[in-house]
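Quick look at upload-v7.txt (compact mmCIF, C-alpha atoms):
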```txt
# COMPACT_ATOMS: atom_id res chain seq x y z
CA MET A 266 -14.45 -12.16 15.26
CA LYS A 267 -16.83 -9.22 15.80
CA SER A 268 -19.21 -8.23 13.02
CA SER A 269 -17.44 -4.85 12.67
CA LYS A 270 -14.30 -6.71 11.67
CA PHE A 271 -16.10 -9.35 9.65
CA PHE A 272 -17.65 -6.78 7.30
CA PRO A 273 -14.33 -5.47 5.86
CA ILE A 274 -13.23 -9.07 5.29
CA THR A 275 -16.48 -9.76 3.41
CA LEU A 276 -15.96 -6.59 1.41
CA LEU A 277 -12.41 -7.66 0.56
CA ILE A 278 -13.57 -11.09 -0.58
CA GLY A 279 -16.19 -9.46 -2.80
CA LEU A 280 -13.56 -7.10 -4.24
CA VAL A 281 -11.19 -10.00 -4.98
CA ILE A 282 -13.94 -11.89 -6.82
CA GLY A 283 -15.05 -8.74 -8.64
CA ILE A 284 -11.53 -8.00 -9.90
CA GLN A 285 -11.15 -11.52 -11.27
CA ILE A 286 -14.49 -11.32 -13.08
CA LEU A 287 -13.62 -7.86 -14.45
CA THR A 288 -10.27 -9.04 -15.83
CA GLN A 289 -12.00 -11.97 -17.48
CA LEU A 290 -14.67 -9.77 -19.08
CA THR A 291 -12.11 -7.24 -20.31
CA GLU A 292 -9.62 -9.92 -21.40
CA THR A 293 -6.93 -8.53 -19.10
CA THR A 294 -6.31 -11.67 -17.07
CA TYR A 295 -2.58 -11.01 -17.31
CA TYR A 296 -3.07 -8.59 -14.41
CA LEU A 297 -3.87 -11.58 -12.20
CA THR A 298 -0.22 -12.66 -12.36
CA GLN A 299 1.00 -9.50 -10.62
CA LEU A 300 -1.98 -9.47 -8.24
CA THR A 301 -1.15 -13.03 -7.22
CA MET A 302 2.50 -12.17 -6.55
CA ALA A 303 1.47 -8.99 -4.73
CA ALA A 304 -0.74 -11.05 -2.39
CA TYR A 305 2.19 -13.29 -1.43
CA TYR A 306 4.53 -10.35 -0.81
CA THR A 307 1.84 -8.61 1.23
CA LEU A 308 1.55 -11.70 3.42
CA VAL A 309 5.13 -10.97 4.54
CA VAL A 310 4.27 -7.32 5.12
CA ILE A 311 1.21 -7.84 7.33
CA GLY A 312 3.18 -10.26 9.50
CA LEU A 313 5.95 -7.66 9.82
CA SER A 314 3.31 -5.02 10.60
CA VAL A 315 2.25 -6.82 13.77
CA LEU A 316 5.89 -7.17 14.84
CA MET A 317 6.66 -3.49 14.25
CA GLY A 318 3.35 -1.80 14.95
CA TYR A 319 2.21 -3.79 17.97
CA ALA A 320 5.26 -5.49 19.50
CA GLY A 321 7.40 -2.44 18.73
CA GLN A 322 10.27 -4.46 17.23
CA ILE A 323 11.91 -3.52 13.94
CA SER A 324 13.32 -6.15 11.62
CA ILE A 325 15.40 -5.46 8.51
CA GLY A 326 15.94 -9.14 7.85
CA HIS A 327 12.55 -10.56 6.99
CA ALA A 328 13.59 -11.16 3.40
CA GLY A 329 15.88 -13.77 4.96
CA PHE A 330 12.93 -15.72 6.36
CA PHE A 331 11.14 -15.42 3.02
CA ALA A 332 14.24 -16.83 1.31
CA ILE A 333 14.61 -19.65 3.85
CA GLY A 334 11.09 -20.84 3.08
CA GLY A 335 11.48 -20.50 -0.67
CA TYR A 336 14.99 -21.87 -0.99
CA LEU A 337 14.46 -24.91 1.24
CA SER A 338 11.22 -25.90 -0.46
CA ALA A 339 12.78 -25.36 -3.91
CA ALA A 340 15.94 -27.31 -3.08
CA LEU A 341 14.10 -30.28 -1.55
CA THR A 342 11.65 -30.57 -4.45
CA THR A 343 14.34 -30.32 -7.15
CA HIS A 344 17.42 -32.01 -5.68
CA ASN A 345 17.71 -35.52 -7.09
CA LEU A 346 17.97 -38.18 -4.35
CA PHE A 347 17.98 -41.11 -6.77
CA GLY A 348 21.64 -41.87 -6.11
CA LEU A 349 20.97 -41.86 -2.37
CA GLN A 350 17.91 -44.07 -2.38
CA GLU A 351 19.70 -46.71 -0.27
CA HIS A 352 20.52 -44.19 2.42
CA ALA A 353 18.62 -44.76 5.68
CA VAL A 354 17.11 -41.26 5.75
CA VAL A 355 15.97 -41.45 2.11
CA LYS A 356 14.52 -44.92 2.69
CA THR A 357 12.59 -43.65 5.70
CA LEU A 358 11.22 -40.72 3.72
CA GLY A 359 10.14 -43.11 0.98
CA GLN A 360 8.39 -45.38 3.46
CA LEU A 361 6.52 -42.38 4.85
CA GLY A 362 5.35 -41.42 1.35
CA MET A 363 7.30 -38.16 1.34
CA LEU A 364 9.13 -38.78 -1.93
CA VAL A 365 8.01 -38.56 -5.53
CA SER A 366 9.69 -40.17 -8.52
CA GLY A 367 9.75 -39.11 -12.14
CA GLN A 368 12.03 -38.17 -15.03
CA ASP A 369 13.85 -35.00 -15.97
CA LEU A 370 13.96 -33.40 -19.42
CA TYR A 371 16.68 -35.82 -20.48
CA GLY A 372 14.82 -38.96 -19.39
CA GLU A 373 16.94 -39.57 -16.29
CA GLN A 374 15.32 -40.91 -13.12
CA LEU A 375 14.37 -38.35 -10.50
CA LEU A 376 13.62 -38.87 -6.83
CA THR A 377 12.70 -35.73 -4.91
CA VAL A 378 10.89 -34.71 -1.75
CA ALA A 379 7.17 -34.09 -2.29
CA PRO A 380 6.04 -30.43 -2.04
CA TRP A 381 3.90 -30.84 1.09
CA PRO A 382 6.64 -32.22 3.39
CA ALA A 383 9.15 -29.85 1.79
CA CYS A 384 6.84 -26.93 2.54
CA LEU A 385 6.28 -27.98 6.15
CA PHE A 386 10.00 -28.59 6.68
CA ALA A 387 10.88 -25.16 5.29
CA ILE A 388 8.36 -23.42 7.54
CA VAL A 389 9.48 -25.33 10.64
CA VAL A 390 13.14 -24.51 9.92
CA ALA A 391 12.28 -20.81 9.52
CA ALA A 392 10.36 -20.88 12.82
CA VAL A 393 13.21 -22.60 14.65
CA ILE A 394 15.77 -20.15 13.27
CA ALA A 395 13.53 -17.24 14.29
CA LEU A 396 13.23 -18.73 17.76
CA VAL A 397 16.98 -19.24 18.14
CA LEU A 398 17.75 -15.82 16.68
CA GLY A 399 15.02 -14.04 18.59
CA VAL A 400 16.10 -15.10 22.09
CA PRO A 401 19.31 -13.02 22.09
CA VAL A 402 18.42 -10.45 19.42
CA LEU A 403 15.12 -9.25 20.90
CA LYS A 404 16.96 -8.19 24.04
CA LEU A 405 18.36 -5.37 21.94
CA LYS A 406 16.49 -2.15 21.28
CA GLY A 407 16.34 0.57 18.67
CA HIS A 408 19.04 0.66 16.03
CA TYR A 409 20.90 -2.20 17.72
CA LEU A 410 17.96 -4.53 16.99
CA ALA A 411 17.72 -3.22 13.43
CA MET A 412 21.43 -3.85 12.82
CA ALA A 413 21.24 -7.37 14.27
CA THR A 414 18.34 -8.37 12.00
CA LEU A 415 20.09 -6.69 9.08
CA GLY A 416 23.12 -8.88 9.76
CA PHE A 417 20.93 -11.98 9.72
CA GLY A 418 19.47 -10.99 6.37
CA ILE A 419 22.93 -10.46 4.90
CA ILE A 420 24.04 -13.90 6.12
CA VAL A 421 21.08 -15.61 4.42
CA PHE A 422 21.72 -13.65 1.23
CA ARG A 423 25.39 -14.65 1.13
CA ILE A 424 24.60 -18.32 1.85
CA GLY A 425 22.14 -18.43 -1.04
CA LEU A 426 24.59 -16.64 -3.31
CA ALA A 427 27.61 -18.84 -2.50
CA THR A 428 26.13 -22.32 -1.89
CA GLU A 429 25.99 -24.79 -4.76
CA PHE A 430 23.06 -26.64 -3.16
CA PHE A 431 21.01 -23.43 -3.49
CA GLY A 432 22.12 -22.70 -7.05
CA GLU A 433 24.55 -19.91 -6.17
CA ALA A 434 24.00 -16.75 -8.24
CA ASP A 435 21.61 -18.52 -10.63
CA GLY A 436 19.24 -19.60 -7.88
CA ILE A 437 16.97 -22.62 -8.28
CA SER A 438 14.73 -23.14 -11.30
CA GLU A 439 12.28 -25.79 -12.52
CA VAL A 440 10.56 -25.96 -9.14
CA PRO A 441 7.53 -28.25 -9.54
CA ALA A 442 3.91 -27.32 -8.94
CA PHE A 443 2.69 -27.51 -5.35
CA THR A 444 -0.44 -29.69 -5.35
CA LEU A 445 -2.53 -28.57 -2.39
CA LEU A 446 -5.42 -30.95 -3.01
CA PRO A 447 -5.58 -33.93 -5.38
CA ALA A 448 -8.38 -34.44 -7.89
CA ILE A 449 -11.46 -35.61 -5.96
CA ALA A 450 -14.90 -36.70 -7.21
CA GLY A 451 -14.50 -35.17 -10.63
CA PHE A 452 -13.02 -31.91 -9.33
CA PRO A 453 -9.58 -31.05 -10.74
CA ALA A 454 -6.50 -30.92 -8.52
CA LEU A 455 -5.79 -27.64 -6.76
CA SER A 456 -2.17 -26.64 -7.23
CA VAL A 457 0.16 -23.66 -7.06
CA SER A 458 2.01 -23.22 -10.34
CA GLY A 459 2.84 -20.67 -12.98
CA ASP A 460 0.66 -22.33 -15.60
CA PHE A 461 -1.08 -19.53 -17.52
CA GLY A 462 -4.16 -21.69 -17.85
CA ASN A 463 -4.54 -21.67 -14.06
CA ARG A 464 -4.14 -17.95 -13.50
CA ALA A 465 -7.53 -17.53 -11.85
CA GLU A 466 -7.04 -20.60 -9.68
CA ASN A 467 -3.66 -19.36 -8.43
CA TYR A 468 -5.05 -15.88 -7.93
CA TYR A 469 -7.73 -17.21 -5.59
CA ILE A 470 -5.24 -19.44 -3.73
CA ALA A 471 -2.95 -16.48 -3.06
CA TRP A 472 -5.73 -14.22 -1.88
CA ALA A 473 -7.32 -16.94 0.23
CA LEU A 474 -3.97 -17.31 1.99
CA LEU A 475 -3.63 -13.55 2.47
CA ILE A 476 -7.18 -13.14 3.74
CA SER A 477 -6.72 -16.06 6.14
CA GLY A 478 -3.60 -14.36 7.46
CA MET A 479 -5.53 -11.12 7.94
CA VAL A 480 -8.30 -12.90 9.85
CA LEU A 481 -5.74 -14.54 12.12
CA LEU A 482 -3.90 -11.29 12.82
CA LEU A 483 -7.07 -9.23 13.32
CA ASN A 484 -8.26 -11.72 15.91
CA LEU A 485 -4.83 -11.70 17.53
CA ILE A 486 -4.64 -7.92 17.97
CA ASP A 487 -8.25 -7.82 19.22
CA SER A 488 -7.51 -10.41 21.90
CA ARG A 489 -5.98 -10.14 25.34
CA THR A 490 -2.60 -10.91 23.78
CA GLY A 491 -3.07 -8.04 21.34
CA ARG A 492 -3.78 -5.62 24.18
CA ALA A 493 -0.63 -6.84 25.90
CA LEU A 494 1.34 -6.22 22.70
CA ARG A 495 0.02 -2.67 22.45
CA SER A 496 1.08 -2.05 26.04
CA ILE A 497 4.59 -3.30 25.20
CA HIS A 498 4.77 -0.91 22.28
CA GLY A 499 3.55 1.97 24.40
CA ALA A 500 5.73 1.40 27.47
CA GLU A 501 7.61 -1.86 27.84
CA GLU A 502 8.76 -1.18 31.41
CA ALA A 503 5.21 -0.40 32.51
CA ALA A 504 3.95 -3.57 30.81
CA GLU A 505 6.50 -5.63 32.73
CA ALA A 506 5.49 -3.91 35.95
CA ILE A 507 1.89 -5.11 35.60
CA GLY A 508 2.98 -8.72 35.05
CA ILE A 509 3.17 -9.05 31.25
CA ASN A 510 5.90 -11.41 30.07
CA THR A 511 7.23 -9.01 27.45
CA ALA A 512 10.17 -11.19 26.37
CA ARG A 513 7.95 -14.17 25.63
CA LEU A 514 5.37 -12.11 23.73
CA LYS A 515 7.96 -10.33 21.60
CA LEU A 516 9.58 -13.65 20.76
CA ALA A 517 6.23 -15.26 19.88
CA VAL A 518 5.32 -12.43 17.51
CA PHE A 519 8.79 -12.50 15.96
CA VAL A 520 8.42 -16.23 15.23
CA LEU A 521 4.87 -15.71 13.92
CA SER A 522 6.00 -12.99 11.51
CA ALA A 523 8.87 -15.23 10.36
CA VAL A 524 6.39 -18.04 9.66
CA PHE A 525 4.26 -15.66 7.57
CA ALA A 526 7.35 -14.73 5.55
CA ALA A 527 8.40 -18.37 5.10
CA VAL A 528 4.91 -19.42 3.96
CA ALA A 529 4.89 -16.59 1.42
CA GLY A 530 8.34 -17.66 0.24
CA VAL A 531 7.27 -21.27 -0.27
CA PHE A 532 4.10 -20.44 -2.20
CA LEU A 533 5.64 -17.72 -4.37
CA THR A 534 8.60 -19.95 -5.23
CA HIS A 535 6.32 -22.74 -6.46
CA TYR A 536 4.18 -20.18 -8.28
CA ASN A 537 7.18 -18.65 -10.07
CA GLY A 538 8.84 -22.03 -10.57
CA GLY A 539 12.08 -20.78 -9.04
CA ILE A 540 13.86 -18.42 -6.65
CA GLY A 541 17.05 -16.35 -6.79
CA PRO A 542 19.35 -14.56 -4.32
CA SER A 543 17.62 -11.22 -4.91
CA GLU A 544 14.70 -12.43 -2.77
CA ALA A 545 17.03 -12.38 0.26
CA SER A 546 18.65 -9.04 -0.53
CA VAL A 547 18.81 -6.19 1.96
CA MET A 548 16.74 -4.02 -0.37
CA LYS A 549 13.90 -6.54 -0.20
CA SER A 550 13.86 -6.26 3.60
CA VAL A 551 13.97 -2.46 3.37
CA ARG A 552 11.05 -2.59 0.95
CA TYR A 553 8.99 -4.64 3.41
CA VAL A 554 9.72 -2.10 6.14
CA ALA A 555 8.81 0.75 3.77
CA LEU A 556 5.46 -0.86 2.95
CA VAL A 557 4.66 -1.27 6.64
CA ALA A 558 5.56 2.38 7.25
CA VAL A 559 3.50 3.62 4.30
CA GLY A 560 0.42 1.71 5.41
CA GLY A 561 0.81 2.63 9.07
CA MET A 562 2.68 0.36 11.44
CA ALA A 563 -0.32 -0.28 13.68
CA ASN A 564 -2.87 -0.30 10.86
CA LEU A 565 -3.24 -3.76 9.33
CA TRP A 566 -5.77 -2.64 6.75
CA GLY A 567 -3.62 0.30 5.72
CA VAL A 568 -0.61 -1.99 5.38
CA LEU A 569 -2.58 -4.46 3.27
CA ILE A 570 -3.96 -1.77 0.95
CA MET A 571 -0.66 0.02 0.43
CA GLY A 572 1.30 -3.24 0.31
CA VAL A 573 -0.80 -4.67 -2.50
CA THR A 574 -1.05 -1.37 -4.40
CA LEU A 575 2.63 -0.44 -4.39
CA THR A 576 3.81 -4.00 -4.97
CA PHE A 577 1.43 -4.38 -7.91
CA LEU A 578 2.70 -1.12 -9.45
CA SER A 579 6.28 -2.23 -8.90
CA LEU A 580 5.68 -5.62 -10.51
CA ARG A 581 4.01 -3.93 -13.48
CA GLY A 582 7.19 -1.91 -14.00
CA VAL A 583 5.58 1.46 -13.33
CA PHE A 584 8.66 2.73 -11.47
CA GLY A 585 11.07 1.35 -14.07
CA THR A 586 14.75 1.32 -13.19
CA TYR A 587 14.08 3.67 -10.27
CA ASP A 588 12.09 1.02 -8.42
CA ASP A 589 14.39 0.68 -5.39
CA ALA A 590 14.96 4.44 -5.28
CA VAL A 591 11.20 5.05 -5.22
CA PHE A 592 10.71 2.76 -2.23
CA GLY A 593 13.65 4.33 -0.40
CA THR A 594 12.25 7.81 -1.05
CA ILE A 595 8.79 6.74 0.09
CA LEU A 596 10.23 5.44 3.36
CA ILE A 597 12.04 8.73 4.05
CA LEU A 598 9.03 10.90 3.21
CA VAL A 599 6.64 8.81 5.29
CA MET A 600 8.93 8.90 8.31
CA LEU A 601 9.21 12.69 7.99
CA PHE A 602 5.66 13.72 7.16
CA ALA A 603 3.31 10.79 7.90
CA PRO A 604 4.73 8.50 10.60
CA ASP A 605 1.29 6.94 11.05
CA GLY A 606 1.05 6.01 7.36
CA ILE A 607 -0.18 7.70 4.20
CA LEU A 608 -3.81 6.83 4.89
CA SER A 609 -3.65 8.78 8.16
CA ILE A 610 -3.10 12.03 6.25
CA ARG A 611 -6.56 11.93 4.69
CA GLY A 612 -8.09 10.86 7.97
CA LYS A 613 -6.63 13.85 9.83
CA ALA A 614 -7.58 16.26 7.05
CA LEU A 615 -11.15 14.92 6.99
CA LEU A 616 -11.41 15.15 10.78
CA SER A 617 -10.25 18.77 10.85
CA ARG A 618 -12.67 19.64 8.03
CA LEU A 619 -15.56 18.08 9.92
CA LYS A 620 -14.65 20.04 13.04
CA LYS A 621 -14.65 23.29 11.04
CA ASN A 622 -18.05 22.52 9.56
CA ASN A 623 -19.52 21.76 12.95
CA ALA A 624 -18.07 24.89 14.50
```
What's the structure tokens form of this structure?
Amino acid sequence: MKSSKFFPITLLIGLVIGIQILTQLTETTYYLTQLTMAAYYTLVVIGLSVLMGYAGQISIGHAGFFAIGGYLSAALTTHNLFGLQEHAVVKTLGQLGMLVSGQDLYGEQLLTVAPWPACLFAIVVAAVIALVLGVPVLKLKGHYLAMATLGFGIIVFRIGLATEFFGEADGISEVPAFTLLPAIAGFPALSVSGDFGNRAENYYIAWALLISGMVLLLNLIDSRTGRALRSIHGAEEAAEAIGINTARLKLAVFVLSAVFAAVAGVFLTHYNGGIGPSEASVMKSVRYVALVAVGGMANLWGVLIMGVTLTFLSLRGVFGTYDDAVFGTILILVMLFAPDGILSIRGKALLSRLKKNNA
């Protein structure tokens, strides 16, 4: 990555560390909870930003991929397989070290899938579904594509709401901590959980994941593939005429954005200790689209800044009961008055002011 792109990343890392230190000094570490959750939600948004802003494809169903990751990981790590321990599949999983045993609150034996294989399985399933869905759906354009992805999101929402395995309307609770690294050489284990004593640890895990995603996407859009994606967004027919495999690229970005959403779903579910049907709702998908639009569809940094800011304010309850209405209003206003994102308004105003001063 070029130094011009490395500097903002360094600045972001410094800001993340500075905020954590500030909250500790001012005894306001409770803010880290919302900042951690905002980082996970923004991971979905930056992945969607590349799909919309560079590949030119709109998706109103990314909450579905988020829910697939979260629900599958939650179900596998909480569903008791003790009664099925003689089953061939369960035996194989045990032999591969993918199961963990323990006891529930009532002292009954538990046998569940370990978080790591559950996480990987959830992400792979989300990627496969995105691949299968993307082949026919990405042939559509405009509002037809939006409606198709909206339909997918509704299907996932209804499955979560009506399936006993996924907890129906109550969702899944008591999801265990996700141990990323075991205790080594005197260092404590690194795990994703809602334990208040590990707020700072979880804050850094979430932001490390988000920053890693940013680095990956910044390198992608600055590569030959990124230039091809921009050409697709600008004029798909012209891109095909010069030999770019537009169908393959659009599908690859669609799958990549789905993986980002699934990863965020897995980590946030283990952090919150549960997941409910609301995470797959249509309004969640609309919110993700709104955040991309506010930040600027082809502006990853703008999307990250606005995604974290607005999500943090929402999680803090600033918008109150009008939360969904606020995001819907923001989406309408941005589309009408700032299609390139809110941050572009200041940029244009500053540019015009500089031109006047130089005149």
Exercise. If we count all atoms listed in the file, what is near A:Leu601 at a cut-off of 12 Å, once residues fewer than 6 positions away on the same chain are taken out, given as number ranges by chain?
Worked result: A: 558-559, 594-595, 607
Exercise. So which residues touch stretch 421-434 of chain A within 12 Å, counting all atoms listed in the file, skipping near sequence neighbours fewer than 6 positions away, as a ChimeraX atom specification?
Worked result: /A:326-345,391,394,414-415,539-550
Problem set entry | Residue contacts of stretch 347-363 of chain A (8 Å, only C-alpha atoms) excluding same-chain residues fewer than 5 positions away, as number ranges by chain | A: 374-379, 382
Limited to C-alpha atoms, could you put the picked residues into a file as a PDB file, in the frame of the given file?
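Heads up, here's the output in selection_26.pdb:
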```
ATOM      1  CA  GLN A 374      15.320 -40.910 -13.120  1.00  0.00           C
ATOM      2  CA  LEU A 375      14.370 -38.350 -10.500  1.00  0.00           C
ATOM      3  CA  LEU A 376      13.620 -38.870  -6.830  1.00  0.00           C
ATOM      4  CA  THR A 377      12.700 -35.730  -4.910  1.00  0.00           C
ATOM      5  CA  VAL A 378      10.890 -34.710  -1.750  1.00  0.00           C
ATOM      6  CA  ALA A 379       7.170 -34.090  -2.290  1.00  0.00           C
ATOM      7  CA  PRO A 382       6.640 -32.220   3.390  1.00  0.00           C
TER       8      PRO A 382
END
```
Exercise. Contacts of A:Ala320 at 9 Å or less, counting only C-alpha atoms, minus same-chain residues fewer than 2 places along, as a count of residues only?
Worked result: 18
Problem set entry | Neighbour residues at most 9 Å from (-1.6, -4.5, 9.3) (only C-alpha atoms) as a ChimeraX atom specification | /A:310-315,318,479,482-483,557,560-569
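If you count all atoms listed in the file and ignore residues fewer than 5 places along the chain from A:Ile597, what sits within 9 Å of it is Ala555, Phe592 and Phe602 of chain A.
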Problem set entry | Selected residue, from A:Ala506, A:Leu575, A:Ala383, A:Ile274, that lies nearest to A:Phe443 when counting only C-alpha atoms | A:Ala383
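If you look at atom CA of A:Glu502 and atom CA of A:Gly606, they are 26.3 Å away from each other.
Atom CA of A:Leu385 lies 28.5 Å from atom CA of A:Gly321.
Here the question is which of A:Thr293, A:Ser324, A:Asn537, A:Ser522 gets nearest to A:Pro441 using all atoms listed in the file, and that residue is A:Asn537.
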Would you save stretch 330-384 of chain A from the block above with C-alpha atoms, as a PDB file, in the first residue's frame?
```pdb
ATOM      1  CA  PHE A 330     -25.867 -12.048   5.266  1.00  0.00           C
ATOM      2  CA  PHE A 331     -25.133 -10.453   8.638  1.00  0.00           C
ATOM      3  CA  ALA A 332     -27.885 -12.600  10.170  1.00  0.00           C
ATOM      4  CA  ILE A 333     -26.668 -15.765   8.431  1.00  0.00           C
ATOM      5  CA  GLY A 334     -23.246 -15.347  10.018  1.00  0.00           C
ATOM      6  CA  GLY A 335     -24.607 -14.477  13.441  1.00  0.00           C
ATOM      7  CA  TYR A 336     -27.417 -17.011  13.573  1.00  0.00           C
ATOM      8  CA  LEU A 337     -25.383 -19.974  12.331  1.00  0.00           C
ATOM      9  CA  SER A 338     -22.497 -19.306  14.702  1.00  0.00           C
ATOM     10  CA  ALA A 339     -24.928 -18.768  17.609  1.00  0.00           C
ATOM     11  CA  ALA A 340     -26.951 -21.901  16.849  1.00  0.00           C
ATOM     12  CA  LEU A 341     -23.913 -24.158  16.455  1.00  0.00           C
ATOM     13  CA  THR A 342     -22.272 -22.940  19.664  1.00  0.00           C
ATOM     14  CA  THR A 343     -25.446 -23.229  21.768  1.00  0.00           C
ATOM     15  CA  HIS A 344     -27.332 -26.220  20.344  1.00  0.00           C
ATOM     16  CA  ASN A 345     -26.750 -29.238  22.563  1.00  0.00           C
ATOM     17  CA  LEU A 346     -25.436 -32.256  20.617  1.00  0.00           C
ATOM     18  CA  PHE A 347     -25.031 -34.454  23.692  1.00  0.00           C
ATOM     19  CA  GLY A 348     -27.959 -36.668  22.711  1.00  0.00           C
ATOM     20  CA  LEU A 349     -26.463 -37.112  19.243  1.00  0.00           C
ATOM     21  CA  GLN A 350     -22.930 -37.936  20.299  1.00  0.00           C
ATOM     22  CA  GLU A 351     -23.169 -41.399  18.713  1.00  0.00           C
ATOM     23  CA  HIS A 352     -24.129 -39.947  15.358  1.00  0.00           C
ATOM     24  CA  ALA A 353     -21.425 -40.353  12.700  1.00  0.00           C
ATOM     25  CA  VAL A 354     -21.208 -36.620  11.934  1.00  0.00           C
ATOM     26  CA  VAL A 355     -20.980 -35.667  15.622  1.00  0.00           C
ATOM     27  CA  LYS A 356     -18.351 -38.362  16.209  1.00  0.00           C
ATOM     28  CA  THR A 357     -16.297 -37.038  13.302  1.00  0.00           C
ATOM     29  CA  LEU A 358     -16.512 -33.491  14.620  1.00  0.00           C
ATOM     30  CA  GLY A 359     -15.377 -34.717  18.023  1.00  0.00           C
ATOM     31  CA  GLN A 360     -12.426 -36.570  16.530  1.00  0.00           C
ATOM     32  CA  LEU A 361     -11.405 -33.399  14.693  1.00  0.00           C
ATOM     33  CA  GLY A 362     -11.491 -31.427  17.951  1.00  0.00           C
ATOM     34  CA  MET A 363     -14.373 -29.220  16.806  1.00  0.00           C
ATOM     35  CA  LEU A 364     -16.612 -29.867  19.810  1.00  0.00           C
ATOM     36  CA  VAL A 365     -16.514 -28.558  23.352  1.00  0.00           C
ATOM     37  CA  SER A 366     -18.216 -30.090  26.369  1.00  0.00           C
ATOM     38  CA  GLY A 367     -19.497 -28.476  29.530  1.00  0.00           C
ATOM     39  CA  GLN A 368     -22.571 -27.950  31.693  1.00  0.00           C
ATOM     40  CA  ASP A 369     -25.521 -25.612  31.475  1.00  0.00           C
ATOM     41  CA  LEU A 370     -26.990 -23.552  34.323  1.00  0.00           C
ATOM     42  CA  TYR A 371     -28.896 -26.582  35.560  1.00  0.00           C
ATOM     43  CA  GLY A 372     -25.891 -28.918  35.631  1.00  0.00           C
ATOM     44  CA  GLU A 373     -26.877 -30.863  32.511  1.00  0.00           C
ATOM     45  CA  GLN A 374     -24.193 -32.051  30.096  1.00  0.00           C
ATOM     46  CA  LEU A 375     -23.562 -29.870  27.070  1.00  0.00           C
ATOM     47  CA  LEU A 376     -21.829 -30.747  23.816  1.00  0.00           C
ATOM     48  CA  THR A 377     -21.594 -27.920  21.306  1.00  0.00           C
ATOM     49  CA  VAL A 378     -19.541 -26.894  18.297  1.00  0.00           C
ATOM     50  CA  ALA A 379     -16.490 -24.807  19.211  1.00  0.00           C
ATOM     51  CA  PRO A 380     -16.632 -21.113  18.186  1.00  0.00           C
ATOM     52  CA  TRP A 381     -13.803 -21.250  15.628  1.00  0.00           C
ATOM     53  CA  PRO A 382     -15.284 -23.992  13.386  1.00  0.00           C
ATOM     54  CA  ALA A 383     -18.750 -22.508  13.911  1.00  0.00           C
ATOM     55  CA  CYS A 384     -17.451 -19.123  12.772  1.00  0.00           C
TER      56      CYS A 384
END
```
